[in-house]
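Have a look at final00.txt; it's compact mmCIF, C-alpha atoms and all ligand atoms:
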# COMPACT_ATOMS: atom_id res chain seq x y z
CA MET N 1 -22.15 -4.03 15.84
CA VAL N 2 -22.84 -0.29 16.11
CA ILE N 3 -23.09 1.35 12.70
CA SER N 4 -23.98 4.95 11.95
CA ASN N 5 -23.19 7.73 9.56
CA PHE N 6 -23.27 11.48 9.46
CA PHE N 7 -26.96 11.40 8.48
CA LYS N 8 -28.13 9.39 11.47
CA ASN N 9 -31.79 10.39 11.16
CA LYS N 10 -32.05 9.00 7.62
CA PHE N 11 -31.52 5.38 8.61
CA SER N 12 -34.18 2.94 7.40
CA GLU N 13 -34.49 -0.71 6.48
CA LYS N 14 -35.83 -2.21 3.23
CA GLU N 15 -35.73 -5.79 1.92
CA GLY N 16 -33.15 -6.73 4.55
CA VAL N 17 -30.82 -3.86 3.62
CA ASN N 18 -29.85 -1.08 6.06
CA ILE N 19 -30.17 2.18 4.21
CA TYR N 20 -28.15 5.24 5.13
CA ASP N 21 -28.16 6.84 1.68
CA ASN N 22 -31.43 6.62 -0.24
CA ASP N 23 -29.86 8.63 -3.01
CA ASP N 24 -27.52 6.72 -5.35
CA LYS N 25 -25.58 9.97 -5.90
CA TYR N 26 -23.10 9.33 -8.72
CA THR N 27 -23.59 5.54 -8.83
CA GLU N 28 -26.77 5.34 -10.92
CA ASN N 29 -24.91 3.53 -13.70
CA PHE N 30 -23.88 0.85 -11.19
CA SER N 31 -27.48 0.47 -9.99
CA LYS N 32 -28.44 -0.29 -13.59
CA GLN N 33 -25.49 -2.50 -14.48
CA TRP N 34 -25.82 -4.71 -11.39
CA ARG N 35 -29.59 -4.93 -11.92
CA ASP N 36 -29.00 -6.11 -15.50
CA PHE N 37 -25.96 -8.32 -14.87
CA SER N 38 -26.30 -9.33 -11.23
CA LEU N 39 -25.32 -12.96 -11.92
CA THR N 40 -22.82 -12.59 -14.77
CA GLN N 41 -19.68 -12.73 -12.60
CA VAL N 42 -21.07 -14.96 -9.86
CA ASP N 43 -19.23 -18.28 -9.56
CA SER N 44 -22.10 -20.26 -8.03
CA PHE N 45 -24.27 -19.27 -10.99
CA ASN N 46 -21.62 -19.89 -13.67
CA LYS N 47 -20.11 -23.00 -12.06
CA THR N 48 -16.62 -21.47 -12.31
CA ASN N 49 -14.05 -20.22 -9.78
CA ILE N 50 -13.16 -17.03 -11.63
CA SER N 51 -14.24 -14.69 -8.83
CA GLU N 52 -12.82 -16.89 -6.06
CA ASP N 53 -9.44 -17.04 -7.82
CA TYR N 54 -9.56 -13.28 -8.33
CA LEU N 55 -10.26 -12.67 -4.64
CA ASN N 56 -7.43 -15.02 -3.70
CA GLU N 57 -5.06 -13.13 -5.99
CA LEU N 58 -6.22 -9.79 -4.55
CA MET N 59 -5.40 -11.23 -1.11
CA PHE N 60 -1.94 -12.35 -2.25
CA ASN N 61 -2.95 -16.02 -2.16
CA ASN N 62 -4.11 -15.73 1.44
CA ILE N 63 -7.86 -16.16 0.97
CA GLU N 64 -7.78 -18.56 3.93
CA ASN N 65 -7.01 -15.50 6.10
CA LEU N 66 -10.74 -14.79 5.97
CA HIS N 67 -11.45 -17.74 8.26
CA ASN N 68 -13.41 -16.71 11.32
CA LYS N 69 -12.71 -13.01 10.76
CA ASN N 70 -14.91 -9.92 10.81
CA VAL N 71 -14.71 -8.59 7.27
CA LEU N 72 -15.83 -5.31 5.72
CA GLU N 73 -16.40 -5.36 1.96
CA ILE N 74 -16.59 -1.89 0.42
CA GLY N 75 -18.40 -1.48 -2.92
CA CYS N 76 -19.69 -5.07 -3.06
CA GLY N 77 -21.80 -4.66 -6.23
CA SER N 78 -24.07 -7.67 -6.67
CA GLY N 79 -21.75 -9.84 -4.59
CA ARG N 80 -19.37 -11.85 -6.77
CA PHE N 81 -16.89 -11.75 -3.87
CA THR N 82 -19.40 -11.57 -1.01
CA GLU N 83 -20.47 -15.16 -1.65
CA HIS N 84 -16.90 -16.36 -1.04
CA ILE N 85 -16.23 -14.07 1.91
CA ILE N 86 -19.26 -15.28 3.86
CA LYS N 87 -18.29 -18.93 3.39
CA LYS N 88 -15.14 -18.33 5.42
CA ALA N 89 -15.66 -15.22 7.56
CA LYS N 90 -17.37 -15.06 10.94
CA MET N 91 -19.24 -11.93 9.88
CA CYS N 92 -19.25 -9.83 6.71
CA VAL N 93 -20.53 -6.27 6.45
CA ALA N 94 -20.98 -5.43 2.76
CA VAL N 95 -21.49 -1.81 1.72
CA ASP N 96 -22.52 -0.23 -1.57
CA LEU N 97 -23.93 3.16 -2.45
CA SER N 98 -25.85 1.90 -5.48
CA LYS N 99 -28.99 -0.23 -5.61
CA SER N 100 -26.73 -3.18 -6.41
CA ILE N 101 -26.91 -3.95 -2.71
CA PHE N 102 -30.51 -5.16 -3.22
CA TYR N 103 -29.31 -7.70 -5.81
CA ASN N 104 -26.52 -9.09 -3.65
CA VAL N 105 -26.55 -12.83 -4.31
CA SER N 106 -25.87 -13.71 -0.67
CA LYS N 107 -28.67 -11.50 0.62
CA ASN N 108 -30.26 -13.97 3.00
CA SER N 109 -27.10 -15.22 4.69
CA LYS N 110 -27.03 -15.15 8.46
CA ASN N 111 -23.49 -13.80 8.77
CA LEU N 112 -24.01 -10.93 6.31
CA ILE N 113 -25.06 -7.33 7.03
CA LEU N 114 -25.88 -5.29 3.93
CA ILE N 115 -25.60 -1.51 4.00
CA LYS N 116 -26.56 1.00 1.34
CA SER N 117 -24.30 3.92 2.06
CA ASP N 118 -21.54 6.08 0.75
CA PHE N 119 -18.65 4.48 2.62
CA LEU N 120 -17.03 7.89 2.94
CA ASN N 121 -19.84 8.91 5.31
CA LEU N 122 -19.98 5.65 7.18
CA GLU N 123 -18.91 5.30 10.78
CA ILE N 124 -18.69 1.87 12.31
CA LYS N 125 -17.65 1.79 15.97
CA GLU N 126 -16.20 -1.70 15.83
CA LYS N 127 -13.10 -2.14 13.73
CA PHE N 128 -12.60 -5.03 11.29
CA ASP N 129 -9.94 -7.71 10.97
CA ILE N 130 -10.02 -7.40 7.19
CA VAL N 131 -11.21 -4.70 4.79
CA ILE N 132 -11.62 -5.60 1.10
CA CYS N 133 -12.27 -3.11 -1.66
CA ARG N 134 -12.09 -4.16 -5.31
CA GLY N 135 -12.93 -2.11 -8.41
CA VAL N 136 -14.27 0.88 -6.47
CA LEU N 137 -11.76 3.58 -5.58
CA GLN N 138 -11.09 4.96 -9.08
CA HIS N 139 -14.84 5.52 -9.39
CA THR N 140 -15.05 7.88 -6.42
CA PRO N 141 -14.79 11.68 -6.75
CA PHE N 142 -11.74 12.08 -4.49
CA PRO N 143 -9.80 8.82 -4.77
CA ASN N 144 -6.96 9.74 -2.37
CA ASN N 145 -9.48 10.41 0.43
CA SER N 146 -11.23 7.15 -0.46
CA ILE N 147 -8.01 5.10 -0.30
CA LEU N 148 -7.11 6.51 3.11
CA LYS N 149 -10.67 6.12 4.43
CA LEU N 150 -10.34 2.32 4.09
CA PHE N 151 -7.82 2.40 6.94
CA ASP N 152 -10.32 4.05 9.32
CA PHE N 153 -12.24 0.77 9.41
CA VAL N 154 -9.44 -1.65 10.24
CA LYS N 155 -8.15 -2.93 13.59
CA ASN N 156 -4.61 -2.09 14.65
CA ASP N 157 -3.40 -5.53 13.60
CA GLY N 158 -5.87 -5.89 10.68
CA MET N 159 -5.26 -5.87 6.94
CA VAL N 160 -6.69 -3.79 4.11
CA TYR N 161 -6.71 -5.37 0.64
CA PHE N 162 -7.59 -3.15 -2.29
CA ASP N 163 -7.00 -2.61 -5.98
CA TYR N 164 -6.92 0.45 -8.17
CA TYR N 165 -7.37 0.62 -11.97
CA LYS N 166 -4.00 1.19 -13.51
CA LYS N 167 -3.22 4.32 -15.45
CA PRO N 168 -2.52 3.40 -19.08
CA LYS N 169 0.93 4.38 -20.40
CA LEU N 170 -0.67 7.30 -22.26
CA GLY N 171 -2.59 8.40 -19.15
CA ILE N 172 -5.77 10.28 -19.99
CA LEU N 173 -4.59 10.50 -23.61
CA HIS N 174 -5.54 6.83 -23.93
CA PRO N 175 -8.44 6.54 -26.44
CA LYS N 176 -10.79 5.26 -23.73
CA TYR N 177 -10.47 8.57 -21.87
CA LEU N 178 -9.63 10.86 -24.77
CA PHE N 179 -12.59 10.04 -27.01
CA TRP N 180 -14.50 6.83 -26.45
CA ARG N 181 -15.98 7.77 -23.07
CA PRO N 182 -17.04 11.32 -24.08
CA ILE N 183 -18.26 10.31 -27.57
CA LEU N 184 -20.29 7.26 -26.59
CA ARG N 185 -21.83 8.96 -23.55
CA ASN N 186 -22.91 11.77 -25.85
CA ILE N 187 -24.47 9.53 -28.45
CA PHE N 188 -26.07 6.86 -26.29
CA ASN N 189 -27.57 6.72 -22.85
CA TYR N 190 -26.90 3.55 -20.79
CA ASN N 191 -30.00 1.71 -22.00
CA ASP N 192 -29.54 2.46 -25.69
CA PHE N 193 -25.88 1.46 -25.60
CA LYS N 194 -26.77 -1.75 -23.79
CA ILE N 195 -29.31 -2.59 -26.52
CA PHE N 196 -26.74 -1.72 -29.21
CA LEU N 197 -24.15 -3.97 -27.58
CA GLU N 198 -26.59 -6.84 -27.12
CA LYS N 199 -27.44 -6.72 -30.83
CA ASN N 200 -23.87 -6.42 -32.08
CA ILE N 201 -21.59 -8.01 -29.51
CA THR N 202 -20.81 -11.15 -31.55
CA LYS N 203 -19.68 -9.09 -34.54
CA LEU N 204 -17.78 -6.57 -32.40
CA ILE N 205 -15.81 -9.34 -30.68
CA MET N 206 -15.09 -10.97 -34.04
CA PHE N 207 -13.81 -7.70 -35.58
CA LYS N 208 -11.74 -6.97 -32.52
CA ASN N 209 -10.11 -10.40 -32.73
CA ILE N 210 -9.31 -9.87 -36.42
CA ILE N 211 -7.74 -6.49 -35.64
CA ARG N 212 -5.72 -8.06 -32.84
CA LYS N 213 -4.48 -10.79 -35.16
CA ILE N 214 -3.35 -8.46 -37.93
CA THR N 215 -1.66 -6.08 -35.47
CA PHE N 216 0.44 -8.80 -33.80
CA ASN N 217 -1.84 -8.97 -30.74
CA SER N 218 -1.89 -5.24 -30.06
CA ASN N 219 -4.50 -4.60 -27.39
CA PHE N 220 -3.83 -0.90 -27.73
CA ILE N 221 -4.75 -0.76 -31.43
CA SER N 222 -7.73 -3.08 -31.06
CA ASP N 223 -9.04 -1.11 -28.02
CA THR N 224 -8.60 2.12 -29.99
CA ILE N 225 -10.64 0.90 -32.94
CA ILE N 226 -13.29 -1.16 -31.14
CA PRO N 227 -14.19 0.17 -27.68
CA ILE N 228 -15.37 -3.00 -26.00
CA TRP N 229 -13.61 -4.47 -22.99
CA ASP N 230 -13.51 -8.17 -23.69
CA PHE N 231 -12.73 -10.52 -20.88
CA ARG N 232 -9.36 -12.04 -21.79
CA GLU N 233 -8.86 -14.87 -19.29
CA ASN N 234 -8.21 -17.77 -21.61
CA LYS N 235 -7.54 -20.25 -18.83
CA TYR N 236 -11.28 -20.44 -18.05
CA ASN N 237 -13.40 -22.39 -20.42
CA ILE N 238 -16.58 -20.30 -20.37
CA SER N 239 -19.51 -20.39 -22.75
CA LYS N 240 -19.83 -17.93 -25.66
CA LYS N 241 -22.94 -16.45 -24.03
CA LEU N 242 -21.18 -15.80 -20.72
CA PHE N 243 -18.15 -14.35 -22.49
CA GLU N 244 -20.41 -11.96 -24.41
CA ASN N 245 -22.41 -10.89 -21.36
CA TRP N 246 -19.20 -10.35 -19.38
CA THR N 247 -17.88 -8.16 -22.21
CA ILE N 248 -21.09 -6.09 -22.34
CA LEU N 249 -20.96 -5.62 -18.55
CA ASP N 250 -17.29 -4.53 -18.55
CA THR N 251 -17.91 -2.19 -21.48
CA LEU N 252 -20.88 -0.47 -19.82
CA ASP N 253 -18.81 -0.21 -16.62
CA GLY N 254 -15.91 1.37 -18.54
CA ILE N 255 -18.05 3.93 -20.37
CA TYR N 256 -20.77 5.00 -17.91
CA ALA N 257 -19.01 5.23 -14.53
CA LYS N 258 -19.29 8.93 -13.70
CA PHE N 259 -15.76 9.09 -12.27
CA ASP N 260 -12.88 7.09 -13.67
CA TYR N 261 -9.50 8.28 -12.40
CA PRO N 262 -6.80 5.68 -13.04
CA LYS N 263 -3.53 5.89 -11.08
CA SER N 264 -0.06 4.42 -11.40
CA ASN N 265 1.22 2.03 -8.76
CA ILE N 266 3.86 4.51 -7.62
CA GLU N 267 1.23 7.24 -7.05
CA ILE N 268 -0.64 4.96 -4.67
CA ILE N 269 2.46 3.73 -2.87
CA ASN N 270 3.63 7.32 -2.35
CA LEU N 271 0.22 8.31 -0.98
CA LEU N 272 0.30 5.42 1.51
CA LYS N 273 3.87 6.15 2.58
CA LYS N 274 3.11 9.85 3.06
CA ASN N 275 0.22 8.89 5.31
CA LYS N 276 2.19 6.37 7.32
CA ILE N 277 0.45 3.27 6.07
CA LYS N 278 2.61 0.16 6.11
CA ILE N 279 2.71 -1.68 2.77
CA ILE N 280 2.59 -5.42 3.37
CA ASN N 281 2.30 -6.54 -0.24
CA ASN N 282 2.25 -4.79 -3.59
CA ASN N 283 1.44 -6.36 -6.97
CA GLN N 284 2.77 -3.64 -9.26
CA ASN N 285 1.41 -5.27 -12.40
CA LYS N 286 -2.17 -5.45 -11.26
CA ASN N 287 -2.18 -2.57 -8.76
CA PHE N 288 -3.26 -4.88 -5.91
CA ILE N 289 -2.12 -3.63 -2.52
CA CYS N 290 -2.24 -4.94 1.03
CA GLY N 291 -1.61 -2.41 3.79
CA LYS N 292 -1.95 -1.99 7.52
CA LEU N 293 -1.64 0.75 10.11
CA PHE N 294 1.78 1.63 11.50
CA GLU N 295 1.95 1.54 15.28
CA GLU N 296 2.25 5.33 15.49
CA ASN N 297 -1.19 5.60 13.81
CA PHE N 298 -2.92 3.65 16.58
C1 LIG O 301 -16.98 -1.55 -10.58
S1 LIG O 301 -18.11 -1.87 -9.29
C2 LIG O 301 -17.25 -3.17 -8.42
C3 LIG O 301 -18.16 -4.08 -7.67
C4 LIG O 301 -17.48 -5.30 -7.03
N1 LIG O 301 -16.56 -4.92 -5.99
C5 LIG O 301 -16.76 -6.08 -8.09
O1 LIG O 301 -15.55 -6.08 -8.09
O2 LIG O 301 -17.44 -6.68 -8.92
C6 LIG O 301 -17.88 -0.50 -8.19
C7 LIG O 301 -18.88 -0.47 -7.06
O3 LIG O 301 -18.49 0.53 -6.11
C8 LIG O 301 -19.66 1.19 -5.64
N2 LIG O 301 -19.29 2.51 -5.10
C9 LIG O 301 -18.74 3.54 -5.77
N3 LIG O 301 -18.57 4.59 -4.92
C10 LIG O 301 -19.00 4.19 -3.70
C11 LIG O 301 -19.09 4.82 -2.42
N4 LIG O 301 -18.66 6.08 -2.24
N5 LIG O 301 -19.59 4.12 -1.39
C12 LIG O 301 -20.01 2.84 -1.56
N6 LIG O 301 -19.98 2.19 -2.76
C13 LIG O 301 -19.46 2.86 -3.81
C14 LIG O 301 -20.53 1.26 -6.88
O4 LIG O 301 -21.87 1.48 -6.57
C15 LIG O 301 -20.27 -0.10 -7.53
O5 LIG O 301 -21.21 -1.08 -7.16
Structure re-expressed in C-alpha cells:
Amino acid sequence: MVISNFFKNKFSEKEGVNIYDNDDKYTENFSKQWRDFSLTQVDSFNKTNISEDYLNELMFNNIENLHNKNVLEIGCGSGRFTEHIIKKAKMCVAVDLSKSIFYNVSKNSKNLILIKSDFLNLEIKEKFDIVICRGVLQHTPFPNNSILKLFDFVKNDGMVYFDYYKKPKLGILHPKYLFWRPILRNIFNYNDFKIFLEKNITKLIMFKNIIRKITFNSNFISDTIIPIWDFRENKYNISKKLFENWTILDTLDGIYAKFDYPKSNIEIINLLKKNKIKIINNNQNKNFICGKLFEENF
C-alpha cells in the first residue's frame, strides 16, 4: 500500500506507528484524553459489546460487510472500533492526528497499519472498500471539506460510513456552546478539570439525576444546570466505576475539543447532494450516514 502526504520528507516511524504529522496541531486535548482513558470504551477490556453494537448501528446493521475488506478508519482514537474492524477486515489502516494512535489497543495486529497524520493532508494511492469515520468531523476546522475528503479515499463501488454530532434545537445558543464551554475552559485547564471531575463525579451524577427526576426527565434542564455528559445507555449493565469514567471522558471531550461545530442532518444531506455523493442510508435521528460516489464522479 503506497501512502504519502503533502509533507513527504517528514515521514518517520516510532513504536510501530507511521508518522506524517509530528505536531498534534489542534488535537492536544485528544492526545491527553486517550492517554488517560485509552481503555474506557474498549469492549475487550470491559467485557461488553457497547462499541461493537455502536459500530454495527453506524454501519446500518451491516457490520458483516467488513469481512475480507480493505478498511480505512479515520480518527481512530485509542481504538474502540479498530479492535472490531480488524477481526473481520482483510486490512485496516487507522489514522489519527493525536498521540492517541500510540495507545491504540490493537497496536500489534498483523492486519493493522497505524498512521499519525492529519487525514486532510493524507494521500493514499490505493482506494478502500470501506471508509469509517466516527466522532471526528465536527472537531475539524473546516467540517464540509472534511466530510467530502472522506470520499477521496473510497473505491468507485465502496462505501463511506460516518457520523456527525447533531446540532441541538437551540443551535449554538445551547448552554454547552453558549456558556459551559467558554466558562469551564477559562477556569480550568484539562488536567485541573479532570481532577475536579474525578473528585466530584459521584455527587455530580447524583445531582443531575435528581434534577432530571424533578423536571420530568428533561435532559435540557439537567444539562444546563450540571455540565457533565453522562452515558445514558440503560440497556448495558455496566459497573458504577465504568459509568463514572465514561462520563468523565465524554465531559472532557465535550469541553476541551478545540473545534466543535454541530450540524443538522439536512445540512449534511444538502452538502452531499450538492457534491454529487449518493446517499445510501441516512439515520436522521443519530446523524449516521452511508454514502458512495456517483458514477459521474469516477
Ligand atoms: C472524539 S474522538 C473519536 C475517536 C473514535 N473514533 C471514537 O469514536 O471513539 C475524535 C478523534 O479524531 C481525531 N482527529 C481530529 N481531527 C483529525 C484530523 N484532521 N486527522 C486525523 N484525526 C483527527 C482526534 O485526534 C480524535 O482522536
Practice prompt. Report as number ranges by chain which protein, DNA and RNA residues come within 6 Å of ligand LIG 301 (chain O), using all atoms listed in the file.
Written response: N: 27, 30, 75-77, 80, 95-98, 100, 117-120, 134-136, 139-140
Fill in: Nearby residues (all atoms listed in the file) at most 9 Å from Lys110 in chain N, same-chain spacing under 3 positions excluded, as a list in words
Met91, Lys107 and Ile113 of chain N
How big is the axis-aligned box around all listed atoms of range 42-54 of chain N once 8 Å goes on each side, and where's its centre, in Å to one decimal, as JSON?
{"center_x": -16.9, "center_y": -18.1, "center_z": -9.9, "size_x": 30.8, "size_y": 25.7, "size_z": 23.6}
Go through range 73-175 of chain N residue by residue and, counting only C-alpha atoms, keep those with an atom at most 9 Å from range 274-281 of chain N; for each kept residue give the shortest atom pair and its distance in Å to one decimal, ordered by chain and increasing number, as a tab-separated table.
residue	atom	partner	partner_atom	distance
N:Leu148	CA	N:Asn275	CA	8.0
N:Phe151	CA	N:Ile277	CA	8.4
N:Met159	CA	N:Ile280	CA	8.6
Discussion item. So that I can see what lies close to Tyr164 in chain N, please list as a PyMOL selection string the residues with an atom at most 7 Å from it, counting all atoms listed in the file and leaving out residues fewer than 2 positions away in the same chain.
Written reply: chain N and resi 135+137-138+162+166+287-288
Worksheet entry | CA of Ile74 in chain N to CA of Leu150 in chain N, distance in Å rounded to a single decimal |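 Rounded to one decimal, the two atoms are 8.4 Å apart.
The two atoms in question, CA of Ile101 in chain N and CA of Ala257 in chain N, are spaced 16.9 Å apart.
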Excluding range 250-252 of chain N and any residue of its chain fewer than 3 positions from it, enumerate the residues within 9 Å of it, using all atoms listed in the file, and give them as a PDB file with C-alpha atoms, keeping the file's coordinate frame.
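What ended up in selection_1.pdb:
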ATOM      1  CA  ASN N  29     -24.910   3.530 -13.700  1.00  0.00           C
ATOM      2  CA  GLN N  33     -25.490  -2.500 -14.480  1.00  0.00           C
ATOM      3  CA  TYR N 190     -26.900   3.550 -20.790  1.00  0.00           C
ATOM      4  CA  PHE N 193     -25.880   1.460 -25.600  1.00  0.00           C
ATOM      5  CA  LYS N 194     -26.770  -1.750 -23.790  1.00  0.00           C
ATOM      6  CA  LEU N 197     -24.150  -3.970 -27.580  1.00  0.00           C
ATOM      7  CA  PRO N 227     -14.190   0.170 -27.680  1.00  0.00           C
ATOM      8  CA  ILE N 228     -15.370  -3.000 -26.000  1.00  0.00           C
ATOM      9  CA  TRP N 229     -13.610  -4.470 -22.990  1.00  0.00           C
ATOM     10  CA  ASP N 230     -13.510  -8.170 -23.690  1.00  0.00           C
ATOM     11  CA  PHE N 231     -12.730 -10.520 -20.880  1.00  0.00           C
ATOM     12  CA  ASN N 245     -22.410 -10.890 -21.360  1.00  0.00           C
ATOM     13  CA  TRP N 246     -19.200 -10.350 -19.380  1.00  0.00           C
ATOM     14  CA  THR N 247     -17.880  -8.160 -22.210  1.00  0.00           C
ATOM     15  CA  ILE N 255     -18.050   3.930 -20.370  1.00  0.00           C
ATOM     16  CA  TYR N 256     -20.770   5.000 -17.910  1.00  0.00           C
ATOM     17  CA  ALA N 257     -19.010   5.230 -14.530  1.00  0.00           C
TER      18      ALA N 257
END
Fill in: Which of N:Arg181, N:Leu112, N:Leu58, N:Ile85 sits closest to Phe259 in chain N [using all atoms listed in the file]
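Ranking N:Arg181, N:Leu112, N:Leu58, N:Ile85 by distance to Phe259 in chain N, first place goes to N:Arg181.
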Worksheet item: Which distance in Å separates CA of Leu242 in chain N and CA of Trp180 in chain N, to one decimal?
Response: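 Taking CA of Leu242 in chain N and CA of Trp180 in chain N, their separation equals 24.3 Å.
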Discussion item. For a quick check of understanding, using only C-alpha atoms, which of N:Lys99, N:Lys167, N:Lys14, N:Lys258 has the smallest distance to Gln284 in chain N?
Written reply: N:Lys167
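Distances to Phe60 in chain N were evaluated for N:Ile266, N:Leu39, N:Val160, N:Ala89 using all atoms listed in the file, and the minimum falls at N:Val160.
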